[in-house]
file structure-v4.pdb (PDB, C-alpha atoms)
ATOM      1  CA  MET A   1      12.520  11.973  10.489
ATOM      2  CA  LEU A   2      12.999   8.454   9.147
ATOM      3  CA  LEU A   3      16.729   8.267   8.522
ATOM      4  CA  LEU A   4      18.228   6.651   5.437
ATOM      5  CA  PRO A   5      21.906   6.473   4.535
ATOM      6  CA  ALA A   6      23.040   9.188   2.130
ATOM      7  CA  THR A   7      23.010   6.847  -0.868
ATOM      8  CA  GLY A   8      19.421   5.887  -0.117
ATOM      9  CA  HIS A   9      18.379   9.539  -0.048
ATOM     10  CA  ARG A  10      19.942  10.094  -3.466
ATOM     11  CA  LEU A  11      18.287   7.065  -5.053
ATOM     12  CA  LEU A  12      14.819   7.341  -3.515
ATOM     13  CA  PRO A  13      13.490  10.090  -5.873
ATOM     14  CA  THR A  14      14.394   8.022  -8.948
ATOM     15  CA  VAL A  15      13.007   4.655  -7.817
ATOM     16  CA  PRO A  16       9.289   5.473  -8.435
ATOM     17  CA  LEU A  17      10.121   6.067 -12.104
ATOM     18  CA  LEU A  18       9.973   2.287 -12.524
ATOM     19  CA  ALA A  19       6.193   2.673 -12.536
ATOM     20  CA  LEU A  20       6.412   4.559 -15.842
ATOM     21  CA  ILE A  21       6.826   1.259 -17.685
ATOM     22  CA  TYR A  22       3.038   0.858 -17.300
ATOM     23  CA  LEU A  23       2.097   4.152 -18.928
ATOM     24  CA  PRO A  24       1.900   2.717 -22.493
ATOM     25  CA  PHE A  25      -0.724   0.211 -21.309
ATOM     26  CA  ILE A  26      -3.244   2.516 -19.637
ATOM     27  CA  SER A  27      -5.437   2.924 -22.722
ATOM     28  CA  GLY A  28      -8.350   0.670 -23.580
ATOM     29  CA  GLY A  29     -11.741  -0.022 -22.084
ATOM     30  CA  LEU A  30     -12.900  -1.529 -18.829
ATOM     31  CA  LEU A  31     -11.897  -5.043 -17.789
ATOM     32  CA  THR A  32     -14.156  -7.773 -16.331
ATOM     33  CA  ASP A  33     -14.405  -6.868 -12.606
ATOM     34  CA  ASP A  34     -14.221  -3.150 -13.404
ATOM     35  CA  PHE A  35     -17.803  -3.250 -14.694
ATOM     36  CA  ALA A  36     -19.182  -4.498 -11.372
ATOM     37  CA  HIS A  37     -17.632  -1.579  -9.490
ATOM     38  CA  VAL A  38     -18.774   0.951 -12.089
ATOM     39  CA  VAL A  39     -22.368  -0.316 -11.860
ATOM     40  CA  ARG A  40     -22.381  -0.204  -8.058
ATOM     41  CA  LEU A  41     -20.806   3.246  -7.804
ATOM     42  CA  SER A  42     -23.252   4.606 -10.371
ATOM     43  CA  ALA A  43     -26.219   3.240  -8.407
ATOM     44  CA  LEU A  44     -25.291   4.652  -4.983
ATOM     45  CA  ASP A  45     -27.893   7.015  -3.548
ATOM     46  CA  SER A  46     -25.608   8.476  -0.871
ATOM     47  CA  THR A  47     -21.883   8.908  -0.293
ATOM     48  CA  THR A  48     -22.268   7.319   3.148
ATOM     49  CA  ARG A  49     -22.912   4.016   1.373
ATOM     50  CA  LEU A  50     -19.218   4.046   0.442
ATOM     51  CA  ILE A  51     -18.176   3.535   4.054
ATOM     52  CA  ASP A  52     -21.031   1.661   5.701
ATOM     53  CA  THR A  53     -21.763  -1.065   3.138
ATOM     54  CA  ALA A  54     -19.827  -3.742   1.304
ATOM     55  CA  ASP A  55     -18.453  -3.268  -2.201
ATOM     56  CA  ALA A  56     -19.735  -4.917  -5.389
ATOM     57  CA  PHE A  57     -18.260  -8.285  -4.339
ATOM     58  CA  GLY A  58     -19.356  -8.206  -0.701
ATOM     59  CA  PHE A  59     -16.070  -7.051   0.866
ATOM     60  CA  PHE A  60     -15.842  -4.185   3.356
ATOM     61  CA  ARG A  61     -13.199  -1.910   1.808
ATOM     62  CA  PRO A  62     -14.295   1.671   2.456
ATOM     63  CA  VAL A  63     -10.926   3.287   1.706
ATOM     64  CA  THR A  64     -10.852   1.605  -1.692
ATOM     65  CA  GLN A  65     -14.467   2.505  -2.402
ATOM     66  CA  VAL A  66     -13.919   6.157  -1.506
ATOM     67  CA  SER A  67     -10.840   6.219  -3.732
ATOM     68  CA  LEU A  68     -12.763   4.750  -6.662
ATOM     69  CA  ALA A  69     -15.702   7.100  -6.175
ATOM     70  CA  LEU A  70     -13.742  10.332  -5.756
ATOM     71  CA  ALA A  71     -10.974   9.775  -8.296
ATOM     72  CA  PRO A  72     -11.751  10.871 -11.866
ATOM     73  CA  GLY A  73     -12.432   8.152 -14.410
ATOM     74  CA  ALA A  74     -13.665   5.454 -12.042
ATOM     75  CA  ARG A  75     -17.263   5.558 -13.316
ATOM     76  CA  GLY A  76     -16.290   4.129 -16.674
ATOM     77  CA  GLU A  77     -16.188   7.347 -18.648
ATOM     78  CA  ARG A  78     -12.382   7.730 -18.631
ATOM     79  CA  PRO A  79     -10.760   4.377 -17.775
ATOM     80  CA  ALA A  80      -7.343   5.551 -18.970
ATOM     81  CA  LEU A  81      -7.356   8.287 -16.331
ATOM     82  CA  ALA A  82      -8.335   5.795 -13.638
ATOM     83  CA  ARG A  83      -5.430   3.565 -14.688
ATOM     84  CA  ALA A  84      -3.088   6.563 -14.663
ATOM     85  CA  ILE A  85      -4.048   7.072 -11.003
ATOM     86  CA  ASN A  86      -3.176   3.412 -10.407
ATOM     87  CA  VAL A  87       0.236   4.004 -12.001
ATOM     88  CA  PHE A  88       0.773   6.961  -9.666
ATOM     89  CA  LEU A  89      -0.164   4.837  -6.642
ATOM     90  CA  HIS A  90       2.122   2.067  -7.873
ATOM     91  CA  ALA A  91       4.973   4.583  -7.995
ATOM     92  CA  GLY A  92       4.338   5.292  -4.325
ATOM     93  CA  VAL A  93       4.331   1.569  -3.558
ATOM     94  CA  ILE A  94       7.684   1.124  -5.316
ATOM     95  CA  ALA A  95       9.187   4.077  -3.428
ATOM     96  CA  LEU A  96       8.045   2.631  -0.100
ATOM     97  CA  ALA A  97       9.304  -0.818  -1.096
ATOM     98  CA  PHE A  98      12.739   0.708  -1.601
ATOM     99  CA  LEU A  99      12.481   2.572   1.696
ATOM    100  CA  VAL A 100      11.628  -0.607   3.607
ATOM    101  CA  SER A 101      14.307  -2.581   1.760
ATOM    102  CA  ARG A 102      16.899   0.039   2.630
ATOM    103  CA  LEU A 103      15.900  -0.122   6.287
ATOM    104  CA  VAL A 104      16.164  -3.915   6.287
ATOM    105  CA  PHE A 105      19.319  -4.424   4.233
ATOM    106  CA  GLN A 106      22.727  -3.032   5.069
ATOM    107  CA  SER A 107      23.576  -2.658   1.377
ATOM    108  CA  VAL A 108      21.920  -0.158  -0.933
ATOM    109  CA  ILE A 109      22.647  -2.547  -3.830
ATOM    110  CA  CYS A 110      20.660  -5.310  -2.131
ATOM    111  CA  ALA A 111      17.827  -2.892  -1.435
ATOM    112  CA  GLY A 112      17.825  -1.744  -5.052
ATOM    113  CA  LEU A 113      17.784  -5.293  -6.399
ATOM    114  CA  ALA A 114      14.962  -6.289  -4.061
ATOM    115  CA  THR A 115      12.933  -3.293  -5.203
ATOM    116  CA  LEU A 116      13.677  -4.023  -8.853
ATOM    117  CA  CYS A 117      12.483  -7.623  -8.467
ATOM    118  CA  PHE A 118       9.332  -6.367  -6.770
ATOM    119  CA  ALA A 119       8.613  -3.755  -9.447
ATOM    120  CA  LEU A 120       9.252  -6.097 -12.370
ATOM    121  CA  THR A 121       7.377  -9.149 -11.095
ATOM    122  CA  PRO A 122       5.621 -10.345 -14.264
ATOM    123  CA  LYS A 123       2.057 -10.784 -13.035
ATOM    124  CA  ALA A 124       0.981  -9.199  -9.747
ATOM    125  CA  PRO A 125       1.868  -5.501 -10.286
ATOM    126  CA  SER A 126       0.540  -5.474 -13.853
ATOM    127  CA  ILE A 127      -2.875  -6.769 -12.758
ATOM    128  CA  ALA A 128      -3.039  -4.306  -9.872
ATOM    129  CA  VAL A 129      -2.136  -1.373 -12.112
ATOM    130  CA  LEU A 130      -4.147  -2.177 -15.230
ATOM    131  CA  TRP A 131      -7.365  -3.353 -13.542
ATOM    132  CA  ILE A 132      -9.199  -0.358 -12.089
ATOM    133  CA  SER A 133     -11.016  -2.784  -9.802
ATOM    134  CA  ALA A 134      -7.654  -3.778  -8.268
ATOM    135  CA  ARG A 135      -7.157  -0.334  -6.715
ATOM    136  CA  GLY A 136      -7.479  -1.974  -3.296
ATOM    137  CA  GLU A 137      -4.306  -3.997  -3.906
ATOM    138  CA  LEU A 138      -2.303  -0.832  -4.483
ATOM    139  CA  LEU A 139      -3.769   1.001  -1.501
ATOM    140  CA  MET A 140      -3.282  -2.007   0.760
ATOM    141  CA  ALA A 141       0.353  -2.355  -0.362
ATOM    142  CA  LEU A 142       0.985   1.382   0.032
ATOM    143  CA  PHE A 143      -0.345   1.571   3.581
ATOM    144  CA  SER A 144       1.185  -1.777   4.606
ATOM    145  CA  LEU A 145       4.672  -0.689   3.513
ATOM    146  CA  ALA A 146       4.184   2.661   5.257
ATOM    147  CA  SER A 147       3.229   0.763   8.408
ATOM    148  CA  ILE A 148       6.324  -1.457   8.171
ATOM    149  CA  ALA A 149       8.626   1.537   7.672
ATOM    150  CA  ALA A 150       7.130   3.385  10.645
ATOM    151  CA  TRP A 151       7.311   0.223  12.763
ATOM    152  CA  ILE A 152      11.000  -0.267  11.986
ATOM    153  CA  ALA A 153      11.667   3.369  12.906
ATOM    154  CA  TRP A 154       9.902   2.805  16.244
ATOM    155  CA  THR A 155      11.707  -0.450  17.026
ATOM    156  CA  ARG A 156      15.002   1.360  16.535
ATOM    157  CA  ASN A 157      14.169   3.583  19.494
ATOM    158  CA  GLY A 158      12.130   6.069  17.493
ATOM    159  CA  ARG A 159       9.531   8.266  19.154
ATOM    160  CA  GLY A 160       6.091   6.980  20.037
ATOM    161  CA  TRP A 161       4.449   8.772  17.139
ATOM    162  CA  TRP A 162       6.207   6.330  14.788
ATOM    163  CA  LEU A 163       4.232   3.533  16.466
ATOM    164  CA  ALA A 164       1.040   5.574  16.187
ATOM    165  CA  GLY A 165       1.753   6.086  12.503
ATOM    166  CA  ALA A 166       2.377   2.365  12.026
ATOM    167  CA  ILE A 167      -0.949   1.467  13.655
ATOM    168  CA  ALA A 168      -2.848   4.145  11.699
ATOM    169  CA  SER A 169      -1.327   2.974   8.415
ATOM    170  CA  TYR A 170      -2.235  -0.612   9.284
ATOM    171  CA  GLY A 171      -5.822   0.440   9.877
ATOM    172  CA  LEU A 172      -5.963   2.128   6.463
ATOM    173  CA  ALA A 173      -4.431  -0.973   4.864
ATOM    174  CA  LEU A 174      -7.112  -3.165   6.451
ATOM    175  CA  LEU A 175      -9.855  -0.846   5.210
ATOM    176  CA  SER A 176      -8.362  -0.997   1.721
ATOM    177  CA  LYS A 177      -8.192  -4.787   1.516
ATOM    178  CA  GLU A 178      -8.458  -7.450   4.202
ATOM    179  CA  THR A 179      -5.285  -9.174   2.943
ATOM    180  CA  ALA A 180      -3.365  -6.908   5.322
ATOM    181  CA  THR A 181      -4.768  -8.753   8.344
ATOM    182  CA  LEU A 182      -1.644 -10.852   9.015
ATOM    183  CA  LEU A 183       0.824  -7.959   8.781
ATOM    184  CA  PRO A 184       1.426  -7.810  12.592
ATOM    185  CA  LEU A 185       3.007 -11.278  12.481
ATOM    186  CA  LEU A 186       5.571  -9.948  10.009
ATOM    187  CA  LEU A 187       6.338  -6.960  12.213
ATOM    188  CA  LEU A 188       7.557  -9.192  15.023
ATOM    189  CA  VAL A 189      10.447 -10.479  12.895
ATOM    190  CA  THR A 190      11.729  -7.190  11.446
ATOM    191  CA  PRO A 191      15.528  -7.191  11.872
ATOM    192  CA  ARG A 192      17.852  -5.188  14.124
ATOM    193  CA  SER A 193      15.225  -4.135  16.629
ATOM    194  CA  GLU A 194      16.464  -2.128  19.602
ATOM    195  CA  ARG A 195      13.309  -2.605  21.663
ATOM    196  CA  ARG A 196      12.632  -5.541  23.939
ATOM    197  CA  LEU A 197      10.447  -8.380  22.711
ATOM    198  CA  ALA A 198       7.903  -7.608  25.444
ATOM    199  CA  ALA A 199       7.485  -4.046  24.174
ATOM    200  CA  ARG A 200       7.135  -5.212  20.587
ATOM    201  CA  GLY A 201       4.677  -7.925  21.609
ATOM    202  CA  GLY A 202       2.538  -5.394  23.464
ATOM    203  CA  ALA A 203       2.525  -3.128  20.429
ATOM    204  CA  VAL A 204       1.565  -5.992  18.121
ATOM    205  CA  ALA A 205      -1.314  -6.774  20.475
ATOM    206  CA  GLY A 206      -2.600  -3.284  19.678
ATOM    207  CA  PHE A 207      -2.446  -4.067  15.967
ATOM    208  CA  ILE A 208      -4.363  -7.292  16.515
ATOM    209  CA  ALA A 209      -7.004  -5.500  18.604
ATOM    210  CA  LEU A 210      -7.460  -3.004  15.769
ATOM    211  CA  ALA A 211      -7.849  -5.845  13.268
ATOM    212  CA  LEU A 212     -10.502  -7.514  15.459
ATOM    213  CA  VAL A 213     -12.434  -4.274  15.746
TER     214      VAL A 213
END
call {"tool": "encode", "arguments": {"input": "structure-v4.pdb", "output": "structure tokens"}}
result
Amino acid sequence: MLLLPATGHRLLPTVPLLALIYLPFISGGLLTDDFAHVVRLSALDSTTRLIDTADAFGFFRPVTQVSLALAPGARGERPALARAINVFLHAGVIALAFLVSRLVFQSVICAGLATLCFALTPKAPSIAVLWISARGELLMALFSLASIAAWIAWTRNGRGWWLAGAIASYGLALLSKETATLLPLLLLVTPRSERRLAARGGAVAGFIALALV
């Protein structure tokens, strides 16, 4: 189990509630890029096209495409529901941001402030939540933060399955949005590692091999 100090365990269930500030804004119609995804998803002749072809803008993001296709409201008929799913995903991102912050910082106050700054950033989260077409941003952030948390657990002499979880989460992040490509470079500088640099470097090589594949 990924261990957090007692204060972190008490706060973690309440942190995702920050995402509720977006609930009043989920109504309304589709936005610019949303239409392109709706048109493509409506024209697919097979579900396999979700994972073996590029999306409406030419990017290979099968996890995002599957999420858009399977989740209710992504075909344009109920955009408010699709945005509500984005709010739910954003709540998960905020919770993982707090988890990672608590693993990095010694102080729960510092972790809370870092998470608050992340959640209340004026532009980036609002675009990711309110644009259905930005679902990939949320999925990429969710899986990237999960990968970082699992990596930190492994570097602090956690079991090998933490490393496997970190690599698997990284793969899902890459398949959500290619922005996650450079994440392994960040992993090398996570603080208070109890594993040798050689071991961490070998593990990061596995991440890079996955990215190349």
call {"tool": "residues_around", "arguments": {"input": "structure-v4.pdb", "residues": "A:Phe57", "least_positions_apart": "4", "cutoff": "12 Å", "atoms": "all atoms listed in the file", "output": "ChimeraX atom specification"}}
result
/A:33-37,39-40,53,61,65,133
call {"tool": "resolve_selection", "arguments": {"input": "structure-v4.pdb", "expression": "the PyMOL selection byres ((chain A and resi 147) around 7)", "output": "VMD selection string"}}
result
chain A and resid 143 to 146 148 to 151 165 to 167 169 to 170
call {"tool": "atom_distance", "arguments": {"input": "structure-v4.pdb", "atom1": "atom CA of A:Leu142", "atom2": "atom CA of A:Arg196"}}
result
27.5 Å
call {"tool": "residues_around", "arguments": {"input": "structure-v4.pdb", "residues": "stretch 118-123 of chain A", "least_positions_apart": "5", "cutoff": "10 Å", "atoms": "all atoms listed in the file", "output": "list in words"}}
result
Val15, Pro16, Leu18, Ala19, Ile21, His90, Ala91, Val93, Ile94, Ala95, Ala97, Phe98, Gly112, Leu113 and Ala128 of chain A
call {"tool": "resolve_selection", "arguments": {"input": "structure-v4.pdb", "expression": "the PyMOL selection byres ((chain A and resi 30) around 8)", "output": "list in words"}}
result
Gly28, Gly29, Leu31, Thr32, Asp34, Phe35, Gly76, Pro79, Trp131 and Ile132 of chain A
call {"tool": "residues_around", "arguments": {"input": "structure-v4.pdb", "residues": "A:Thr47", "least_positions_apart": "3", "cutoff": "10 Å", "atoms": "all atoms listed in the file", "output": "list in words"}}
result
Leu41, Leu44, Leu50, Ile51, Asp52, Val66, Ala69 and Leu70 of chain A
call {"tool": "closest_residue", "arguments": {"input": "structure-v4.pdb", "among": "A:Ala164, A:Val38, A:Ile85, A:Ala141", "to": "A:Ala203", "atoms": "all atoms listed in the file"}}
result
A:Ala164
call {"tool": "atom_distance", "arguments": {"input": "structure-v4.pdb", "atom1": "atom CA of A:Thr14", "atom2": "atom CA of A:Val129"}}
result
19.3 Å
call {"tool": "resolve_selection", "arguments": {"input": "structure-v4.pdb", "expression": "the PyMOL selection byres ((chain A and resi 207) around 9)", "output": "NGL selection string"}}
result
:A and (166-167 or 170-171 or 183-184 or 203-206 or 208-212)
call {"tool": "atom_distance", "arguments": {"input": "structure-v4.pdb", "atom1": "atom CA of A:Pro191", "atom2": "atom CA of A:Ala111"}}
result
14.2 Å
call {"tool": "axis_aligned_box", "arguments": {"input": "structure-v4.pdb", "around": "stretch 17-32 of chain A", "padding_each_side": "8 Å", "output": "lines of an AutoDock Vina configuration file"}}
result
center_x = -2.0
center_y = -0.9
center_z = -17.8
size_x = 40.3
size_y = 29.8
size_z = 27.5
call {"tool": "residues_near_point", "arguments": {"input": "structure-v4.pdb", "point": "(9.8, 0.1, 17.2)", "cutoff": "9 Å", "atoms": "all atoms listed in the file", "output": "list in words"}}
result
Ala150, Trp151, Ile152, Ala153, Trp154, Thr155, Arg156, Asn157, Gly158, Arg159, Gly160, Trp162, Leu163, Ser193, Glu194, Arg195, Ala199, Arg200 and Ala203 of chain A
call {"tool": "residues_around", "arguments": {"input": "structure-v4.pdb", "residues": "A:Ala80", "least_positions_apart": "4", "cutoff": "7 Å", "atoms": "all atoms listed in the file", "output": "PDB file with C-alpha atoms, in the coordinates of the input"}}
result
ATOM      1  CA  ILE A  26      -3.244   2.516 -19.637  1.00  0.00           C
ATOM      2  CA  SER A  27      -5.437   2.924 -22.722  1.00  0.00           C
ATOM      3  CA  GLY A  28      -8.350   0.670 -23.580  1.00  0.00           C
ATOM      4  CA  ALA A  84      -3.088   6.563 -14.663  1.00  0.00           C
TER       5      ALA A  84
END
call {"tool": "closest_residue", "arguments": {"input": "structure-v4.pdb", "among": "A:Gly58, A:Leu139, A:Arg78, A:Ser107", "to": "A:Gly92", "atoms": "all atoms listed in the file"}}
result
A:Leu139
